[in-house]
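Just run09.tsv here, TSV, C-alpha atoms:
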```tsv
chain	number	residue	atom	x	y	z
A	8	MET	CA	35.55	33.50	-1.84
A	9	ASN	CA	33.19	33.65	1.14
A	10	ASP	CA	30.21	33.63	-1.23
A	11	PHE	CA	31.51	30.45	-2.83
A	12	LEU	CA	32.05	28.78	0.54
A	13	GLU	CA	28.55	29.73	1.67
A	14	VAL	CA	27.11	28.09	-1.45
A	15	VAL	CA	29.20	24.99	-0.76
A	16	VAL	CA	27.92	24.89	2.84
A	17	VAL	CA	24.34	25.05	1.56
A	18	GLY	CA	25.16	22.22	-0.85
A	19	ILE	CA	26.60	20.11	1.97
A	20	GLY	CA	23.46	20.64	4.04
A	21	ASN	CA	21.23	19.71	1.12
A	22	GLY	CA	23.49	16.79	0.29
A	23	ALA	CA	23.07	15.41	3.79
A	24	VAL	CA	19.30	15.24	3.19
A	25	TYR	CA	19.79	13.57	-0.21
A	26	ALA	CA	22.11	11.07	1.47
A	27	MET	CA	19.52	10.31	4.18
A	28	LEU	CA	16.94	9.47	1.54
A	29	GLY	CA	19.63	7.55	-0.33
A	30	LEU	CA	20.28	5.46	2.78
A	31	GLY	CA	16.65	4.39	2.73
A	32	LEU	CA	16.95	3.43	-0.94
A	33	VAL	CA	20.10	1.43	-0.21
A	34	VAL	CA	18.45	-0.36	2.71
A	35	ILE	CA	15.62	-1.47	0.42
A	36	TYR	CA	18.09	-2.50	-2.27
A	37	ARG	CA	20.27	-4.45	0.16
A	38	SER	CA	17.28	-6.31	1.56
A	39	THR	CA	15.36	-6.94	-1.67
A	40	GLY	CA	17.78	-6.23	-4.52
A	41	LEU	CA	15.31	-3.71	-6.00
A	42	LEU	CA	14.70	0.04	-5.98
A	43	ASN	CA	11.69	1.57	-4.24
A	44	PHE	CA	10.20	4.45	-6.22
A	45	ALA	CA	7.78	5.19	-3.37
A	46	GLN	CA	10.58	6.01	-0.92
A	47	GLY	CA	10.10	9.78	-1.26
A	48	GLU	CA	6.35	9.57	-0.66
A	49	LEU	CA	6.91	7.28	2.32
A	50	SER	CA	9.19	9.96	3.70
A	51	MET	CA	6.58	12.65	3.07
A	52	PHE	CA	3.79	10.61	4.68
A	53	SER	CA	5.89	9.90	7.78
A	54	THR	CA	6.80	13.58	8.07
A	55	PHE	CA	3.11	14.44	8.16
A	56	ILE	CA	2.82	12.00	11.07
A	57	VAL	CA	5.61	13.94	12.78
A	58	TRP	CA	3.75	17.20	12.16
A	59	THR	CA	0.50	15.76	13.55
A	60	ILE	CA	2.20	14.69	16.78
A	61	TRP	CA	4.14	17.97	17.07
A	62	ASN	CA	1.03	20.04	16.34
A	63	ALA	CA	-0.65	18.31	19.30
A	64	GLY	CA	1.93	19.91	21.62
A	65	VAL	CA	4.56	17.17	21.80
A	66	PRO	CA	8.24	18.33	21.68
A	67	LEU	CA	9.65	18.09	18.16
A	68	TRP	CA	12.38	15.57	18.94
A	69	LEU	CA	9.83	13.26	20.55
A	70	ALA	CA	7.44	13.80	17.63
A	71	ILE	CA	10.24	12.72	15.27
A	72	LEU	CA	10.69	9.47	17.18
A	73	GLY	CA	6.93	8.94	16.99
A	74	GLY	CA	6.97	9.70	13.27
A	75	MET	CA	9.81	7.23	12.70
A	76	ALA	CA	7.83	4.56	14.57
A	77	GLY	CA	4.75	5.45	12.51
A	78	GLY	CA	6.75	5.37	9.29
A	79	PHE	CA	8.18	1.98	10.26
A	80	LEU	CA	4.65	0.62	10.73
A	81	VAL	CA	3.44	2.18	7.46
A	82	GLY	CA	6.38	0.64	5.59
A	83	ILE	CA	5.62	-2.77	7.07
A	84	LEU	CA	1.92	-2.45	6.29
A	85	LEU	CA	2.52	-1.43	2.67
A	86	HIS	CA	4.91	-4.31	2.16
A	87	GLN	CA	2.47	-6.84	3.59
A	88	VAL	CA	-0.52	-5.50	1.68
A	89	ALA	CA	0.97	-4.51	-1.69
A	90	VAL	CA	4.38	-6.13	-2.14
A	91	SER	CA	4.32	-9.42	-0.26
A	92	PRO	CA	1.40	-10.92	-2.29
A	93	LEU	CA	3.62	-10.76	-5.39
A	94	GLY	CA	5.95	-13.37	-3.90
A	95	ASP	CA	9.72	-13.33	-4.31
A	96	PRO	CA	10.68	-9.86	-5.66
A	97	HIS	CA	13.68	-11.36	-7.46
A	98	GLU	CA	11.37	-13.47	-9.62
A	99	LYS	CA	9.03	-10.59	-10.52
A	100	PRO	CA	11.20	-7.44	-10.43
A	101	LEU	CA	9.14	-5.51	-12.99
A	102	ALA	CA	5.91	-6.21	-11.09
A	103	VAL	CA	7.46	-4.93	-7.85
A	104	VAL	CA	8.71	-1.77	-9.56
A	105	ILE	CA	5.22	-1.11	-10.94
A	106	VAL	CA	3.75	-1.64	-7.46
A	107	THR	CA	6.17	0.89	-5.94
A	108	ILE	CA	5.12	3.43	-8.58
A	109	ALA	CA	1.48	2.72	-7.70
A	110	LEU	CA	2.32	3.21	-4.02
A	111	PHE	CA	3.93	6.54	-4.95
A	112	LEU	CA	0.60	7.73	-6.32
A	113	ALA	CA	-1.47	6.13	-3.55
A	114	LEU	CA	0.56	7.68	-0.71
A	115	ASN	CA	0.42	11.12	-2.32
A	116	GLY	CA	-3.34	10.89	-2.72
A	117	ALA	CA	-3.82	9.54	0.81
A	118	ALA	CA	-1.78	12.41	2.27
A	119	GLN	CA	-3.93	14.95	0.40
A	120	LEU	CA	-7.10	13.32	1.72
A	121	ILE	CA	-5.85	13.23	5.33
A	122	TRP	CA	-3.93	16.50	5.64
A	123	GLY	CA	-5.19	18.55	2.71
A	124	THR	CA	-3.28	20.33	-0.05
A	125	VAL	CA	-2.18	23.41	1.92
A	126	ASP	CA	1.45	23.30	3.03
A	127	LYS	CA	2.09	23.01	6.78
A	128	ARG	CA	4.82	24.63	8.83
A	129	LEU	CA	7.36	22.48	10.65
A	130	ASP	CA	10.06	24.15	12.74
A	131	PRO	CA	13.73	23.29	12.07
A	132	LEU	CA	14.99	20.66	14.49
A	133	PHE	CA	18.14	22.69	15.26
A	134	GLY	CA	16.50	26.12	15.16
A	135	GLN	CA	16.96	29.16	12.95
A	136	SER	CA	20.25	30.41	14.40
A	137	GLN	CA	23.62	30.22	12.71
A	138	VAL	CA	27.31	30.36	13.53
A	139	THR	CA	30.02	32.24	11.63
A	140	ILE	CA	33.27	30.39	10.96
A	141	GLY	CA	36.02	32.13	9.02
A	142	GLY	CA	33.56	34.71	7.75
A	143	VAL	CA	31.19	32.02	6.47
A	144	ALA	CA	27.70	31.87	8.01
A	145	ILE	CA	26.58	28.29	8.69
A	146	GLN	CA	23.10	27.42	9.92
A	147	TRP	CA	22.92	25.05	12.84
A	148	GLN	CA	20.26	23.17	10.88
A	149	LYS	CA	22.89	22.34	8.22
A	150	ILE	CA	25.40	21.23	10.84
A	151	GLY	CA	22.74	19.14	12.53
A	152	ALA	CA	21.80	17.48	9.24
A	153	VAL	CA	25.40	16.35	8.72
A	154	LEU	CA	25.69	15.05	12.29
A	155	VAL	CA	22.41	13.14	12.03
A	156	LEU	CA	23.52	11.69	8.68
A	157	VAL	CA	26.78	10.44	10.23
A	158	ALA	CA	24.83	8.84	13.08
A	159	LEU	CA	22.38	7.13	10.71
A	160	ALA	CA	25.11	5.89	8.35
A	161	THR	CA	27.15	4.54	11.28
A	162	GLY	CA	24.10	2.76	12.65
A	163	PHE	CA	23.30	1.10	9.33
A	164	VAL	CA	26.93	0.08	8.72
A	165	LEU	CA	26.96	-1.62	12.12
A	166	LEU	CA	23.57	-3.20	11.40
A	167	PHE	CA	24.62	-4.74	8.09
A	168	ASN	CA	28.14	-5.74	9.10
A	169	ARG	CA	27.84	-6.63	12.79
A	170	THR	CA	24.41	-8.13	13.36
A	171	LYS	CA	22.58	-11.31	12.36
A	172	LEU	CA	19.70	-9.22	11.02
A	173	GLY	CA	22.02	-7.35	8.68
A	174	LEU	CA	23.61	-10.60	7.52
A	175	ALA	CA	20.15	-12.01	6.86
A	176	MET	CA	19.21	-8.92	4.82
A	177	ARG	CA	22.33	-9.27	2.70
A	178	ALA	CA	21.67	-12.97	2.20
A	179	VAL	CA	18.08	-12.35	1.08
A	180	ALA	CA	19.18	-9.65	-1.37
A	181	SER	CA	21.86	-11.93	-2.80
A	182	ASN	CA	19.78	-15.11	-3.14
A	183	SER	CA	16.46	-15.28	-1.35
A	184	GLU	CA	15.88	-18.93	-2.26
A	185	SER	CA	19.19	-20.09	-0.78
A	186	ALA	CA	18.67	-17.84	2.25
A	187	GLY	CA	15.27	-19.42	2.85
A	188	LEU	CA	16.76	-22.92	2.63
A	189	CYS	CA	19.29	-21.89	5.28
A	190	GLY	CA	16.52	-20.95	7.69
A	191	VAL	CA	16.32	-17.19	7.05
A	192	PRO	CA	12.71	-15.95	7.39
A	193	VAL	CA	12.68	-14.22	4.00
A	194	PRO	CA	9.20	-12.57	4.18
A	195	ARG	CA	9.97	-11.12	7.61
A	196	ILE	CA	13.35	-9.78	6.47
A	197	LEU	CA	11.79	-8.09	3.44
A	198	MET	CA	9.11	-6.57	5.68
A	199	LEU	CA	11.70	-5.21	8.13
A	200	GLY	CA	13.71	-3.74	5.25
A	201	TRP	CA	10.70	-1.71	4.15
A	202	GLY	CA	10.04	-0.59	7.71
A	203	LEU	CA	13.63	0.56	8.30
A	204	ALA	CA	13.72	2.43	4.99
A	205	ALA	CA	10.51	4.28	5.86
A	206	ALA	CA	11.85	5.15	9.31
A	207	VAL	CA	15.08	6.70	8.00
A	208	GLY	CA	13.09	8.48	5.30
A	209	THR	CA	11.20	10.27	8.07
A	210	VAL	CA	14.40	12.00	9.13
A	211	ALA	CA	15.05	13.19	5.57
A	212	GLY	CA	11.54	14.62	5.46
A	213	VAL	CA	11.99	16.42	8.79
A	214	PHE	CA	15.02	18.26	7.41
A	215	THR	CA	13.32	19.00	4.08
A	216	ALA	CA	9.99	20.35	5.38
A	217	PRO	CA	11.28	23.53	7.12
A	218	GLN	CA	13.06	24.57	3.92
A	219	LEU	CA	10.47	23.70	1.25
A	220	GLY	CA	7.29	23.62	3.34
A	221	LEU	CA	5.53	20.46	4.45
A	222	GLY	CA	3.46	19.55	1.41
A	223	THR	CA	2.49	16.42	-0.47
A	224	ASN	CA	4.99	17.11	-3.28
A	225	MET	CA	7.97	18.20	-1.17
A	226	MET	CA	10.03	14.99	-1.55
A	227	GLN	CA	9.67	14.44	-5.29
A	228	LEU	CA	12.71	16.48	-6.32
A	229	THR	CA	14.61	15.19	-3.31
A	230	LEU	CA	13.91	11.62	-4.47
A	231	ILE	CA	15.53	12.37	-7.83
A	232	PHE	CA	18.59	13.75	-6.08
A	233	GLY	CA	18.58	10.69	-3.81
A	234	PHE	CA	18.60	8.41	-6.87
A	235	ALA	CA	21.48	10.44	-8.29
A	236	ALA	CA	23.35	10.00	-5.00
A	237	ILE	CA	23.08	6.21	-4.93
A	238	THR	CA	23.78	5.97	-8.66
A	239	LEU	CA	27.05	7.79	-8.06
A	240	GLY	CA	27.92	6.00	-4.81
A	241	GLY	CA	26.56	2.55	-5.64
A	242	PHE	CA	23.10	1.05	-5.16
A	243	ASP	CA	24.31	-1.34	-2.45
A	244	SER	CA	26.78	0.94	-0.65
A	245	LEU	CA	25.85	2.87	2.49
A	246	ILE	CA	29.08	4.85	2.38
A	247	GLY	CA	28.45	5.47	-1.31
A	248	ALA	CA	25.04	6.96	-0.48
A	249	VAL	CA	26.70	9.41	1.91
A	250	VAL	CA	29.48	10.40	-0.48
A	251	GLY	CA	27.11	10.52	-3.45
A	252	GLY	CA	24.63	12.67	-1.55
A	253	MET	CA	27.33	15.17	-0.64
A	254	VAL	CA	28.67	15.36	-4.20
A	255	VAL	CA	25.20	15.76	-5.69
A	256	GLY	CA	24.28	18.39	-3.09
A	257	ILE	CA	27.38	20.47	-3.73
A	258	LEU	CA	27.13	20.21	-7.51
A	259	SER	CA	23.43	21.09	-7.49
A	260	ALA	CA	24.13	24.17	-5.37
A	261	VAL	CA	27.33	25.40	-7.01
A	262	VAL	CA	26.80	24.72	-10.73
A	263	PRO	CA	23.62	26.86	-11.17
A	264	GLN	CA	25.37	29.74	-9.39
A	265	TYR	CA	28.22	29.87	-11.88
A	266	VAL	CA	26.74	28.38	-15.07
A	267	SER	CA	23.79	30.44	-16.18
A	268	THR	CA	22.46	27.64	-18.41
A	269	PHE	CA	21.52	25.59	-15.33
A	270	GLU	CA	19.76	28.39	-13.41
A	271	ARG	CA	16.36	27.30	-14.74
A	272	MET	CA	17.28	23.61	-14.82
A	273	PRO	CA	18.21	22.69	-11.23
A	274	LEU	CA	17.86	18.98	-11.96
A	275	ALA	CA	20.20	19.02	-14.95
A	276	PRO	CA	23.45	18.45	-12.97
A	277	ALA	CA	21.89	15.42	-11.26
A	278	PHE	CA	20.68	13.90	-14.54
A	279	ILE	CA	24.01	14.51	-16.25
A	280	LEU	CA	25.78	12.87	-13.32
A	281	ILE	CA	23.47	9.84	-13.46
A	282	LEU	CA	24.05	9.46	-17.21
A	283	ALA	CA	27.84	9.76	-16.87
A	284	VAL	CA	28.04	7.21	-14.05
A	285	LEU	CA	25.80	4.70	-15.83
A	286	LEU	CA	27.92	5.02	-18.97
A	287	PHE	CA	31.38	4.71	-17.41
A	288	ARG	CA	30.90	2.94	-14.06
A	289	PRO	CA	27.41	1.39	-13.76
A	290	GLN	CA	28.08	-0.06	-10.28
A	291	GLY	CA	28.94	3.38	-8.89
A	292	LEU	CA	32.07	4.52	-7.06
A	293	PHE	CA	31.63	2.18	-4.09
A	294	GLY	CA	29.14	-0.36	-5.42
A	295	SER	CA	29.86	-4.04	-5.90
A	296	LYS	CA	30.34	-5.16	-9.47
A	297	GLU	CA	27.99	-7.97	-10.39
A	298	VAL	CA	29.80	-11.19	-11.21
A	299	GLN	CA	28.06	-13.79	-13.36
A	300	ARG	CA	29.21	-17.37	-13.54
A	301	VAL	CA	29.09	-19.02	-16.93
```
For this file, write the structure as structure tokens.
Amino acid sequence: MNDFLEVVVVGIGNGAVYAMLGLGLVVIYRSTGLLNFAQGELSMFSTFIVWTIWNAGVPLWLAILGGMAGGFLVGILLHQVAVSPLGDPHEKPLAVVIVTIALFLALNGAAQLIWGTVDKRLDPLFGQSQVTIGGVAIQWQKIGAVLVLVALATGFVLLFNRTKLGLAMRAVASNSESAGLCGVPVPRILMLGWGLAAAVGTVAGVFTAPQLGLGTNMMQLTLIFGFAAITLGGFDSLIGAVVGGMVVGILSAVVPQYVSTFERMPLAPAFILILAVLLFRPQGLFGSKEVQRV
């Protein structure tokens, strides 16, 4: 029983990271109405910024704040240079998707040119120690990941539901043309959405790097799990990203342990979950169902 609970705890810790990346995907979706396939590489690039600051002797927590600021600026820059020239993303959704895939490749290549192809070491934010509860060993890093996820999700819920900026983001995602006619600065809102998504992605990268090693490919599997999380929870739901991330994390940890078929296919549970949700509830568990007027 303890072995099962330890696997579940590992899944919860991993799920918190998937949910963090999922939050970034939801932020982009709620501000543009589209998915960003470069979100994982943005997270990776920002984490390298964290490592650079930390490697210079700055305390890790301060380096993370610097990396989030750097990621925010990188997200804004990429939007202005690569996405904004396309115009309204709602009018050219396929073009924007292709651009995000191109940014995926460009960010990966840029990171290799700047930091090389050898993995770096980044210490865990909450250390290597663990606590034993009821005979189950739990790493403080896993507990910290859950606490940070709760803080991030709470912050974004307040942003979207209690602030004018969040209302503007929702308006732009719903109908950018009408939002613009009402005085909402649409280009600026889209730019800020990219910056915020990149900033929160930094945190996901900081929790991924100590476990997988800080390398240029470290977030690619995590991005797939992040997509599975928001597919389950709903593309436009912050709470859905959290719940979906936890479910995907637990399933991805538990299923391979007890079903030998999935031992060599760690992504299979996530893909099966995505397929099932898209077949039976395309809007996800907490997502808003699209209503079309005839």
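Going from CA of Leu292 in chain A to CA of Leu280 in chain A covers 12.2 Å.
Separating CA of Ser91 in chain A from CA of Val106 in chain A is a distance of 10.6 Å.
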_Between A:Met253, A:Leu219, A:Leu230, A:Met272, which residue has the minimum interatomic distance to Gly47 in chain A, considering all atoms listed in the file?_
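That would be A:Leu230, the residue with the smallest distance to Gly47 in chain A.
Minimum atom-to-atom distances from A:Ala186, A:Met225, A:Leu12, A:Val210 to Gly141 in chain A were compared using all atoms listed in the file, and the lowest value belongs to A:Leu12.
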*Fewer than 2 positions away in the same chain doesn't count, so skip those; otherwise give me all residues within 7 Å of Gly291 in chain A, counting all atoms listed in the file, as a PyMOL selection string.*
chain A and resi 238-241+284+288-289+293-294
*What does the distance between CA of Gly94 in chain A and CA of Val164 in chain A come to in Å, to one decimal place?*
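Here the two named atoms are 27.9 Å from each other.
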Enclose the full set of atoms of range 262-274 of chain A listed in the file within a box whose edges lie along x, y and z, apply 6 Å of padding to each of the six sides, and report centre and edge lengths in Å to one decimal as AutoDock Vina command-line options.
```
--center_x 22.3 --center_y 24.7 --center_z -13.9 --size_x 23.9 --size_y 23.5 --size_z 21.0
```
*Name all residues at most 12 Å from Ile281 in chain A (count only C-alpha atoms; drop same-chain ones fewer than 2 positions away) and give them as a ChimeraX atom specification.*
/A:231-241,251,254-255,274-279,283-292
_Env of Arg37 in chain A: 9 Å cut, atoms = all atoms listed in the file, seq-sep filter 5 positions within chain, self excluded. Answer as a count of residues only._
11
*Any idea what's packed within 6 Å of Gly212 in chain A, counting only C-alpha atoms, ignoring anything in its chain fewer than 3 positions away? Could you give it as a ChimeraX atom specification?*
/A:50-51,54,209,215-216
Could the residues in this selection be saved with C-alpha atoms as a tab-separated table (two decimals), in the coordinates of the input?
```tsv
chain	number	residue	atom	x	y	z
A	50	SER	CA	9.19	9.96	3.70
A	51	MET	CA	6.58	12.65	3.07
A	54	THR	CA	6.80	13.58	8.07
A	209	THR	CA	11.20	10.27	8.07
A	215	THR	CA	13.32	19.00	4.08
A	216	ALA	CA	9.99	20.35	5.38
```
_So that I can see what lies close to Thr107 in chain A, please list as a PyMOL selection string the residues with an atom at most 9 Å from it, counting all atoms listed in the file and leaving out residues fewer than 6 positions away in the same chain._
chain A and resi 42-46+89-90
_Counting all atoms listed in the file, the residue of A:Val16, A:Val33, A:Leu221, A:Met226 that sits nearest Val57 in chain A_ = A:Leu221
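With distances taken over all atoms listed in the file, A:Gly142 is the one residue among A:Gln119, A:Val155, A:Gly208, A:Gly142 lying closest to Phe11 in chain A.
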